$ cat upload34.cif   # mmCIF, C-alpha atoms
data_structure
loop_
_atom_site.label_atom_id
_atom_site.label_comp_id
_atom_site.auth_asym_id
_atom_site.auth_seq_id
_atom_site.Cartn_x
_atom_site.Cartn_y
_atom_site.Cartn_z
CA MET R 873 10.41 -23.04 8.29
CA ILE R 874 8.69 -19.71 8.89
CA GLN R 875 9.73 -16.95 6.51
CA VAL R 876 10.04 -13.52 8.15
CA ILE R 877 10.20 -10.36 6.04
CA PHE R 878 11.01 -6.77 7.02
CA LEU R 879 10.09 -3.96 4.65
CA ALA R 880 10.87 -0.32 3.98
CA GLN R 881 12.25 1.73 6.88
CA LEU R 882 12.08 -1.24 9.24
CA ARG R 883 14.35 -3.28 6.94
CA GLU R 884 16.92 -0.47 7.11
CA GLN R 885 16.60 -0.08 10.87
CA LEU R 886 17.17 -3.81 11.42
CA ASN R 887 19.58 -4.10 8.50
CA THR R 888 17.76 -7.32 7.59
CA ALA R 889 15.37 -8.07 4.71
CA THR R 890 14.41 -11.68 5.44
CA LEU R 891 15.19 -14.49 7.81
CA GLU R 892 13.93 -17.99 8.55
CA VAL R 893 12.77 -19.26 11.90
CA ASP R 894 12.29 -22.85 12.95
CA PRO R 895 8.59 -23.35 13.78
CA ALA R 896 9.66 -25.66 16.62
CA LYS R 897 10.97 -22.52 18.36
CA VAL R 898 7.91 -20.29 17.89
CA ASN R 899 4.26 -21.26 17.58
CA CYS R 900 2.67 -17.83 17.52
CA LEU R 901 3.32 -14.22 16.54
CA SER R 902 4.08 -12.98 20.06
CA ALA R 903 6.55 -15.84 20.53
CA LEU R 904 8.20 -14.91 17.22
CA LYS R 905 8.71 -11.31 18.39
CA THR R 906 10.13 -12.48 21.71
CA TYR R 907 12.45 -14.89 19.90
CA LEU R 908 13.67 -12.18 17.50
CA VAL R 909 14.41 -9.79 20.37
CA GLU R 910 16.28 -12.55 22.22
CA LEU R 911 18.45 -13.05 19.14
CA HIS R 912 18.82 -9.32 18.46
CA PRO R 913 18.24 -7.22 21.60
CA GLU R 914 18.92 -4.05 19.60
CA TRP R 915 15.72 -4.75 17.57
CA SER R 916 13.55 -4.37 20.63
CA PRO R 917 12.47 -0.71 20.23
CA PHE R 918 11.67 -1.21 16.54
CA LEU R 919 9.60 -4.37 17.01
CA ALA R 920 7.83 -2.85 20.03
CA ASN R 921 6.62 0.09 17.92
CA LYS R 922 2.83 0.08 18.24
CA LYS R 923 2.37 1.52 14.76
CA LEU R 924 4.10 -1.44 13.15
CA LEU R 925 1.86 -3.44 10.80
CA VAL R 926 1.98 -7.23 10.53
CA ALA R 927 0.85 -9.49 7.71
CA LEU R 928 0.55 -13.26 7.80
CA ASN R 929 0.57 -14.91 4.38
CA HIS R 930 -0.21 -11.53 2.74
CA GLU R 931 -3.19 -10.72 5.01
CA TYR R 932 -3.14 -8.10 7.75
CA VAL R 933 -3.33 -9.55 11.24
CA ARG R 934 -3.87 -7.93 14.62
CA GLY R 935 -2.99 -9.29 18.01
CA ASP R 936 -1.55 -12.74 18.42
CA VAL R 937 -2.02 -15.51 15.84
CA PRO R 938 -0.68 -19.06 15.62
CA LEU R 939 2.20 -19.75 13.24
CA THR R 940 3.13 -22.91 11.43
CA THR R 941 5.71 -24.11 8.96
CA GLY R 942 5.43 -22.51 5.52
CA ASP R 943 3.98 -19.27 6.92
CA GLU R 944 5.24 -15.91 5.70
CA VAL R 945 5.21 -13.15 8.31
CA ALA R 946 5.93 -9.57 7.28
CA PHE R 947 6.58 -6.59 9.55
CA PHE R 948 6.38 -3.09 8.11
CA PRO R 949 5.74 0.56 8.96
CA PRO R 950 2.48 2.38 8.17
CA VAL R 951 2.01 2.62 4.40
CA THR R 952 2.59 5.80 2.38
CA GLY R 953 1.67 5.02 -1.22
CA GLY R 954 -0.66 6.81 -3.60
CA MET W 858 -9.82 -6.57 -17.89
CA ALA W 859 -12.92 -4.89 -16.50
CA PHE W 860 -11.45 -5.02 -12.99
CA SER W 861 -7.69 -5.05 -12.86
CA VAL W 862 -4.62 -3.82 -11.03
CA ALA W 863 -1.04 -3.29 -12.16
CA ILE W 864 2.10 -2.50 -10.22
CA GLN W 865 4.85 -1.42 -12.55
CA GLU W 866 8.00 0.65 -12.94
CA GLN W 867 7.04 2.13 -16.28
CA ASP W 868 4.82 5.16 -16.72
CA PHE W 869 1.14 4.83 -17.67
CA ASP W 870 -0.84 6.56 -20.39
CA VAL W 871 -4.06 8.04 -19.01
CA GLY W 872 -5.65 8.17 -22.46
CA ALA W 873 -4.92 4.52 -23.13
CA GLU W 874 -6.19 3.50 -19.68
CA TYR W 875 -9.40 5.45 -20.24
CA ALA W 876 -9.94 3.94 -23.68
CA GLN W 877 -9.50 0.45 -22.27
CA LEU W 878 -11.83 1.10 -19.33
CA VAL W 879 -14.78 2.00 -21.56
CA GLU W 880 -14.05 -0.14 -24.60
CA GLY W 881 -17.27 -1.73 -25.89
CA ASP W 882 -19.24 -0.71 -22.75
CA LYS W 883 -22.59 0.71 -23.84
CA ASN W 884 -23.52 1.50 -20.23
CA ALA W 885 -20.37 3.43 -19.35
CA GLY W 886 -22.29 6.60 -18.56
CA ALA W 887 -19.76 8.00 -16.10
CA VAL W 888 -16.01 7.74 -15.82
CA VAL W 889 -14.00 9.23 -12.96
CA PHE W 890 -10.28 8.92 -12.65
CA PHE W 891 -7.62 10.16 -10.28
CA VAL W 892 -3.91 10.62 -10.99
CA GLY W 893 -1.43 11.12 -8.16
CA ARG W 894 1.85 12.84 -9.06
CA VAL W 895 5.18 13.66 -7.46
CA ARG W 896 5.00 17.26 -6.26
CA GLU W 897 7.74 19.64 -5.29
CA PHE W 898 6.71 20.53 -1.75
CA SER W 899 5.93 18.00 0.91
CA GLN W 900 5.08 19.65 4.21
CA ASP W 901 7.98 22.09 4.73
CA HIS W 902 10.75 20.86 2.43
CA SER W 903 11.41 20.57 -1.29
CA VAL W 904 11.46 17.17 -2.98
CA THR W 905 13.44 16.22 -6.09
CA GLY W 906 12.40 12.57 -6.38
CA LEU W 907 10.91 9.49 -4.78
CA ALA W 908 11.80 5.84 -4.43
CA LEU W 909 8.69 3.69 -4.14
CA GLU W 910 8.78 0.26 -2.57
CA TYR W 911 6.03 -2.37 -2.25
CA TYR W 912 5.44 -5.88 -0.93
CA PRO W 913 5.21 -8.20 -3.94
CA GLY W 914 2.44 -10.72 -3.48
CA MET W 915 0.55 -8.77 -0.84
CA THR W 916 0.15 -5.37 -2.46
CA GLU W 917 -1.65 -6.76 -5.53
CA LYS W 918 -3.94 -8.76 -3.25
CA VAL W 919 -4.84 -5.73 -1.13
CA LEU W 920 -5.68 -3.67 -4.22
CA GLU W 921 -7.87 -6.46 -5.61
CA LYS W 922 -9.63 -6.70 -2.26
CA LEU W 923 -10.29 -2.94 -2.23
CA ILE W 924 -11.89 -3.22 -5.66
CA ALA W 925 -14.07 -6.09 -4.41
CA GLN W 926 -15.12 -3.98 -1.40
CA ALA W 927 -15.98 -1.02 -3.65
CA ARG W 928 -18.08 -3.30 -5.84
CA GLN W 929 -20.10 -4.34 -2.81
CA ARG W 930 -20.95 -0.71 -2.11
CA TRP W 931 -21.58 0.56 -5.62
CA GLU W 932 -22.58 -0.81 -9.00
CA LEU W 933 -19.43 -0.48 -11.05
CA ASN W 934 -18.80 -1.47 -14.65
CA ALA W 935 -15.02 -1.36 -14.53
CA VAL W 936 -12.13 -0.37 -12.27
CA ARG W 937 -8.46 0.00 -13.06
CA ILE W 938 -5.67 0.72 -10.57
CA VAL W 939 -2.10 1.29 -11.73
CA HIS W 940 0.60 2.10 -9.18
CA ARG W 941 4.21 2.76 -10.07
CA VAL W 942 7.21 1.61 -8.06
CA GLY W 943 10.95 2.27 -8.28
CA SER W 944 12.56 5.65 -8.91
CA LEU W 945 10.31 8.57 -9.75
CA GLY W 946 11.17 12.18 -10.48
CA LEU W 947 9.41 15.47 -9.86
CA MET W 948 6.11 15.72 -11.81
CA ASP W 949 6.10 11.99 -12.60
CA GLN W 950 2.81 10.15 -12.36
CA ILE W 951 2.55 7.77 -9.38
CA VAL W 952 -0.93 6.28 -9.35
CA PHE W 953 -4.00 5.94 -11.57
CA VAL W 954 -7.43 4.98 -10.28
CA GLY W 955 -10.18 4.82 -12.89
CA VAL W 956 -13.81 3.92 -12.21
CA VAL W 957 -16.64 3.36 -14.70
CA SER W 958 -20.28 3.32 -13.70
CA ARG W 959 -23.68 4.07 -15.22
CA HIS W 960 -24.05 7.22 -13.14
CA ARG W 961 -21.58 9.81 -11.89
CA GLU W 962 -22.37 9.63 -8.19
CA GLN W 963 -21.24 6.02 -7.92
CA ALA W 964 -18.13 6.67 -9.99
CA PHE W 965 -17.11 9.72 -7.92
CA LEU W 966 -17.68 7.95 -4.61
CA ALA W 967 -15.95 4.73 -5.63
CA ALA W 968 -12.88 6.56 -6.93
CA GLU W 969 -12.54 8.49 -3.68
CA TYR W 970 -13.14 5.38 -1.60
CA LEU W 971 -10.47 3.46 -3.50
CA MET W 972 -7.91 6.24 -3.07
CA ASP W 973 -8.66 6.65 0.64
CA PHE W 974 -8.16 2.95 1.23
CA LEU W 975 -5.17 2.64 -1.09
CA LYS W 976 -3.43 5.40 0.91
CA THR W 977 -3.96 3.64 4.22
CA GLN W 978 -4.06 -0.09 3.38
CA ALA W 979 -1.95 -0.88 0.32
CA PRO W 980 1.65 -1.76 1.21
CA PHE W 981 3.62 0.94 -0.59
CA TRP W 982 6.29 3.13 0.97
CA LYS W 983 7.80 6.35 -0.30
CA LYS W 984 11.32 7.50 0.34
CA GLU W 985 11.89 11.12 -0.64
CA THR W 986 15.04 12.68 -1.96
CA ARG W 987 15.08 16.25 -0.71
CA GLY W 988 16.55 19.33 -2.28
CA ASP W 989 19.71 19.04 -0.18
CA GLY W 990 20.24 15.44 -1.38
CA VAL W 991 19.16 13.83 1.89
CA THR W 992 16.84 10.82 1.57
CA CYS W 993 14.05 10.32 4.05
CA TRP W 994 11.14 7.86 4.49
CA VAL W 995 7.78 9.58 4.29
CA ASN W 996 5.70 9.36 7.47
CA ALA W 997 2.10 8.22 7.28
CA ASN W 998 -0.20 11.12 8.13
CA GLU W 999 -3.24 11.36 10.34
CA TYR W 1000 -5.25 13.11 7.63
CA ASP W 1001 -5.24 9.98 5.46
CA GLN W 1002 -6.53 7.91 8.40
CA GLN W 1003 -9.34 10.42 8.95
CA ARG W 1004 -10.28 10.30 5.27
CA LYS W 1005 -10.52 6.53 5.44
CA ALA W 1006 -12.53 6.62 8.69
CA ARG W 1007 -15.29 8.57 6.92
CA TRP W 1008 -16.33 5.35 5.18
CA ASP W 1009 -16.83 3.30 8.37
#

$ encode --input "upload34.cif" --output "structure tokens"
Amino acid sequence: MIQVIFLAQLREQLNTATLEVDPAKVNCLSALKTYLVELHPEWSPFLANKKLLVALNHEYVRGDVPLTTGDEVAFFPPVTGG
Amino acid sequence: MAFSVAIQEQDFDVGAEYAQLVEGDKNAGAVVFFVGRVREFSQDHSVTGLALEYYPGMTEKVLEKLIAQARQRWELNAVRIVHRVGSLGLMDQIVFVGVVSRHREQAFLAAEYLMDFLKTQAPFWKKETRGDGVTCWVNANEYDQQRKARWD
């Protein structure tokens, strides 16, 4: 399975912290987003936000990347620590 | 312990962190540290507290990577980053960045570099409690991005 994590404000907007997706259904990041919006159309504006950051297995990624079973994908807003 | 990070709920002791950074180091000619604290006014409203969230597993990794990047730019003897998470009140300490080098220039630059990148790269998020009791996620600001861009 692919583990999907939503953090901070995004978690509250989607009212979801984590979910699992079958890798047979999505093989890349863009397909994952499409799949999530199909399941939850109301998530569309939040996942389409261009400022959203994405990490794959704890590393930042940009653009589309392939996904496979065991991957952890996290979506989160721009960071505000320090 | 010469290069280490900690993410913790409990407060940190600047004196103890400093002592540990330089312990037994005969070449620790310069030490620079930065402490970030919860302040009362953020932009136009008053703040009474913060809730700090992070991404366990990734945040530590990002901080370690920032230290490795700083070490490629400057000759550093030791670096320590401590960042608190959970509930913080007004005037509480949030973050400690300490850098030890032989000379001050490297220590000053590395400390500033680490803070600029921590602010824009490390997965932490602040939620403010305002004077009227309303809670609100803090927005990332353009100024921090500009500070980071200086190092490109």

$ resolve_selection --input "upload34.cif" --expression "the PyMOL selection byres ((chain W) within 8 of (chain R))" --output "ChimeraX atom specification"
/W:893,909-910,912,914-915,918,940,951-952,972,975-983,994-997

$ axis_aligned_box --input "upload34.cif" --around "stretch 899-902 of chain R" --padding-each-side "5 Å" --output "AutoDock Vina command-line options"
--center_x 3.5 --center_y -17.1 --center_z 18.3 --size_x 11.6 --size_y 18.3 --size_z 13.5

$ closest_residue --input "upload34.cif" --among "R:Val937, R:Leu924, R:Met873, R:Val909" --to "R:Glu892" --atoms "all atoms listed in the file"
R:Met873

$ closest_atom_pairs --input "upload34.cif" --of "stretch 910-953 of chain W" --to "stretch 984-993 of chain W" --cutoff "10 Å" --atoms "all atoms listed in the file" --output "tab-separated table"
residue	atom	partner	partner_atom	distance
W:Glu910	CA	W:Lys984	CA	8.2
W:Ser944	CA	W:Lys984	CA	9.5
W:Leu945	CA	W:Glu985	CA	9.6
W:Gly946	CA	W:Thr986	CA	9.4

$ write_last_selection --input "upload34.cif" --atoms "C-alpha atoms" --output "PDB file, keeping the file's coordinate frame"
ATOM      1  CA  GLU W 910       8.780   0.260  -2.570  1.00  0.00           C
ATOM      2  CA  SER W 944      12.560   5.650  -8.910  1.00  0.00           C
ATOM      3  CA  LEU W 945      10.310   8.570  -9.750  1.00  0.00           C
ATOM      4  CA  GLY W 946      11.170  12.180 -10.480  1.00  0.00           C
TER       5      GLY W 946
END

$ closest_residue --input "upload34.cif" --among "W:Glu999, W:Leu971, W:Phe891, W:Lys883" --to "W:Val871" --atoms "all atoms listed in the file"
W:Phe891

$ residues_around --input "upload34.cif" --residues "W:Arg930" --least-positions-apart "6" --cutoff "10 Å" --atoms "all atoms listed in the file" --output "CSV table (one decimal) with C-alpha atoms, keeping the file's coordinate frame"
chain,number,residue,atom,x,y,z
W,963,GLN,CA,-21.2,6.0,-7.9
W,966,LEU,CA,-17.7,8.0,-4.6
W,967,ALA,CA,-16.0,4.7,-5.6
W,970,TYR,CA,-13.1,5.4,-1.6

$ residues_around --input "upload34.cif" --residues "R:Thr888" --least-positions-apart "2" --cutoff "10 Å" --atoms "all atoms listed in the file" --output "ChimeraX atom specification"
/R:876-879,882-886,890-891

$ atom_distance --input "upload34.cif" --atom1 "atom CA of W:Lys1005" --atom2 "atom CA of W:Glu969"
9.5 Å

$ residues_near_point --input "upload34.cif" --point "(3.9, -19.5, 16.3)" --cutoff "10 Å" --atoms "only C-alpha atoms" --output "list in words"
Ile874, Val893, Asp894, Pro895, Ala896, Lys897, Val898, Asn899, Cys900, Leu901, Ser902, Ala903, Leu904, Lys905, Asp936, Val937, Pro938, Leu939, Thr940, Thr941 and Asp943 of chain R

$ atom_distance --input "upload34.cif" --atom1 "atom CA of W:Val862" --atom2 "atom CA of W:Glu874"
11.4 Å

$ resolve_selection --input "upload34.cif" --expression "the PyMOL selection byres ((chain W and resi 925) around 12)" --output "ChimeraX atom specification"
/W:860-862,918-924,926-933,935-937,967,970-971

$ residues_around --input "upload34.cif" --residues "W:Ala1006" --least-positions-apart "6" --cutoff "10 Å" --atoms "only C-alpha atoms" --output "PDB file with C-alpha atoms, in the frame of the given file"
ATOM      1  CA  ASP W 973      -8.660   6.650   0.640  1.00  0.00           C
ATOM      2  CA  PHE W 974      -8.160   2.950   1.230  1.00  0.00           C
ATOM      3  CA  TYR W1000      -5.250  13.110   7.630  1.00  0.00           C
TER       4      TYR W1000
END

$ resolve_selection --input "upload34.cif" --expression "the PyMOL selection byres ((chain W and resi 894) around 7)" --output "PyMOL selection string"
chain W and resi 892-893+895-896+948-951

$ atom_distance --input "upload34.cif" --atom1 "atom CA of W:Thr905" --atom2 "atom CA of W:Val954"
24.1 Å

$ closest_residue --input "upload34.cif" --among "W:Pro913, W:Ile938, W:Leu907, W:Val889" --to "W:Ala968" --atoms "only C-alpha atoms"
W:Val889

$ closest_residue --input "upload34.cif" --among "W:Gly881, W:Gly943, W:Gly886, W:Gly906" --to "W:Glu962" --atoms "all atoms listed in the file"
W:Gly886

$ decode --input "upload34.cif" --residues "stretch 874-988 of chain W" --atoms "C-alpha atoms" --output "compact mmCIF listing (two decimals), in the first residue's frame"
# COMPACT_ATOMS: atom_id res chain seq x y z
CA GLU W 874 23.68 23.78 25.21
CA TYR W 875 26.60 26.20 24.97
CA ALA W 876 28.67 24.23 27.47
CA GLN W 877 28.07 21.03 25.52
CA LEU W 878 28.90 22.65 22.17
CA VAL W 879 32.39 23.70 23.27
CA GLU W 880 33.22 20.94 25.73
CA GLY W 881 36.83 19.82 25.27
CA ASP W 882 37.20 21.76 21.98
CA LYS W 883 40.53 23.60 22.04
CA ASN W 884 39.79 25.20 18.66
CA ALA W 885 36.37 26.59 19.53
CA GLY W 886 37.43 30.17 18.88
CA ALA W 887 33.98 31.46 17.99
CA VAL W 888 30.50 30.51 19.10
CA VAL W 889 27.34 32.07 17.67
CA PHE W 890 23.88 31.09 18.72
CA PHE W 891 20.37 32.19 17.92
CA VAL W 892 17.26 31.76 20.06
CA GLY W 893 13.79 32.26 18.61
CA ARG W 894 11.01 33.11 21.07
CA VAL W 895 7.24 33.53 21.10
CA ARG W 896 6.52 37.25 20.84
CA GLU W 897 3.39 39.17 21.60
CA PHE W 898 2.76 40.88 18.28
CA SER W 899 2.64 39.07 14.98
CA GLN W 900 1.86 41.43 12.13
CA ASP W 901 -1.24 43.30 13.36
CA HIS W 902 -2.65 41.15 16.15
CA SER W 903 -1.68 40.06 19.65
CA VAL W 904 -0.66 36.47 20.35
CA THR W 905 -1.07 34.60 23.63
CA GLY W 906 0.39 31.24 22.60
CA LEU W 907 1.41 28.86 19.86
CA ALA W 908 0.86 25.23 18.98
CA LEU W 909 3.79 23.83 17.01
CA GLU W 910 3.43 20.79 14.80
CA TYR W 911 6.07 18.86 12.83
CA TYR W 912 6.43 15.84 10.57
CA PRO W 913 8.13 13.10 12.59
CA GLY W 914 10.72 11.31 10.51
CA MET W 915 11.14 14.04 7.93
CA THR W 916 11.80 17.10 10.06
CA GLU W 917 14.85 15.57 11.78
CA LYS W 918 16.18 14.51 8.38
CA VAL W 919 15.80 17.98 6.90
CA LEU W 920 17.61 19.58 9.84
CA GLU W 921 20.47 17.07 9.56
CA LYS W 922 20.70 17.80 5.85
CA LEU W 923 20.88 21.56 6.50
CA ILE W 924 23.77 20.98 8.89
CA ALA W 925 25.54 18.88 6.24
CA GLN W 926 25.01 21.67 3.67
CA ALA W 927 26.40 24.28 6.09
CA ARG W 928 29.45 22.10 6.68
CA GLN W 929 30.13 22.05 2.96
CA ARG W 930 30.23 25.85 2.91
CA TRP W 931 32.10 26.56 6.12
CA GLU W 932 34.55 24.82 8.42
CA LEU W 933 32.52 24.14 11.52
CA ASN W 934 33.54 22.41 14.73
CA ALA W 935 30.06 21.79 16.07
CA VAL W 936 26.41 22.58 15.39
CA ARG W 937 23.38 22.06 17.58
CA ILE W 938 19.75 22.66 16.59
CA VAL W 939 16.93 22.29 19.12
CA HIS W 940 13.35 22.99 18.06
CA ARG W 941 10.39 22.74 20.38
CA VAL W 942 6.97 21.40 19.44
CA GLY W 943 3.60 21.26 21.22
CA SER W 944 2.04 24.08 23.21
CA LEU W 945 4.11 27.19 23.84
CA GLY W 946 3.24 30.37 25.70
CA LEU W 947 4.21 33.99 25.29
CA MET W 948 7.98 34.54 25.84
CA ASP W 949 8.72 30.81 25.62
CA GLN W 950 11.80 29.73 23.71
CA ILE W 951 11.06 28.03 20.37
CA VAL W 952 14.36 27.28 18.67
CA PHE W 953 18.08 27.17 19.40
CA VAL W 954 20.76 27.16 16.71
CA GLY W 955 24.34 27.07 17.97
CA VAL W 956 27.44 27.05 15.76
CA VAL W 957 31.09 26.63 16.77
CA SER W 958 33.97 27.49 14.50
CA ARG W 959 37.59 28.61 14.75
CA HIS W 960 36.72 32.10 13.53
CA ARG W 961 33.70 34.33 13.99
CA GLU W 962 32.89 34.98 10.34
CA GLN W 963 32.16 31.33 9.64
CA ALA W 964 30.12 30.96 12.82
CA PHE W 965 28.01 34.07 12.11
CA LEU W 966 27.36 33.09 8.51
CA ALA W 967 26.57 29.46 9.28
CA ALA W 968 24.13 30.37 12.06
CA GLU W 969 22.27 32.75 9.76
CA TYR W 970 22.29 30.25 6.91
CA LEU W 971 20.87 27.52 9.15
CA MET W 972 18.07 29.77 10.41
CA ASP W 973 17.17 31.00 6.92
CA PHE W 974 16.88 27.43 5.67
CA LEU W 975 15.17 26.13 8.79
CA LYS W 976 12.47 28.79 8.35
CA THR W 977 11.77 27.81 4.75
CA GLN W 978 12.61 24.08 4.55
CA ALA W 979 12.06 22.35 7.88
CA PRO W 980 8.53 20.95 8.24
CA PHE W 981 7.20 22.83 11.25
CA TRP W 982 3.91 24.69 11.41
CA LYS W 983 2.71 27.26 13.91
CA LYS W 984 -0.86 27.79 14.95
CA GLU W 985 -1.36 30.98 16.93
CA THR W 986 -3.84 31.62 19.68
CA ARG W 987 -4.77 35.28 19.46
CA GLY W 988 -5.79 37.67 22.18
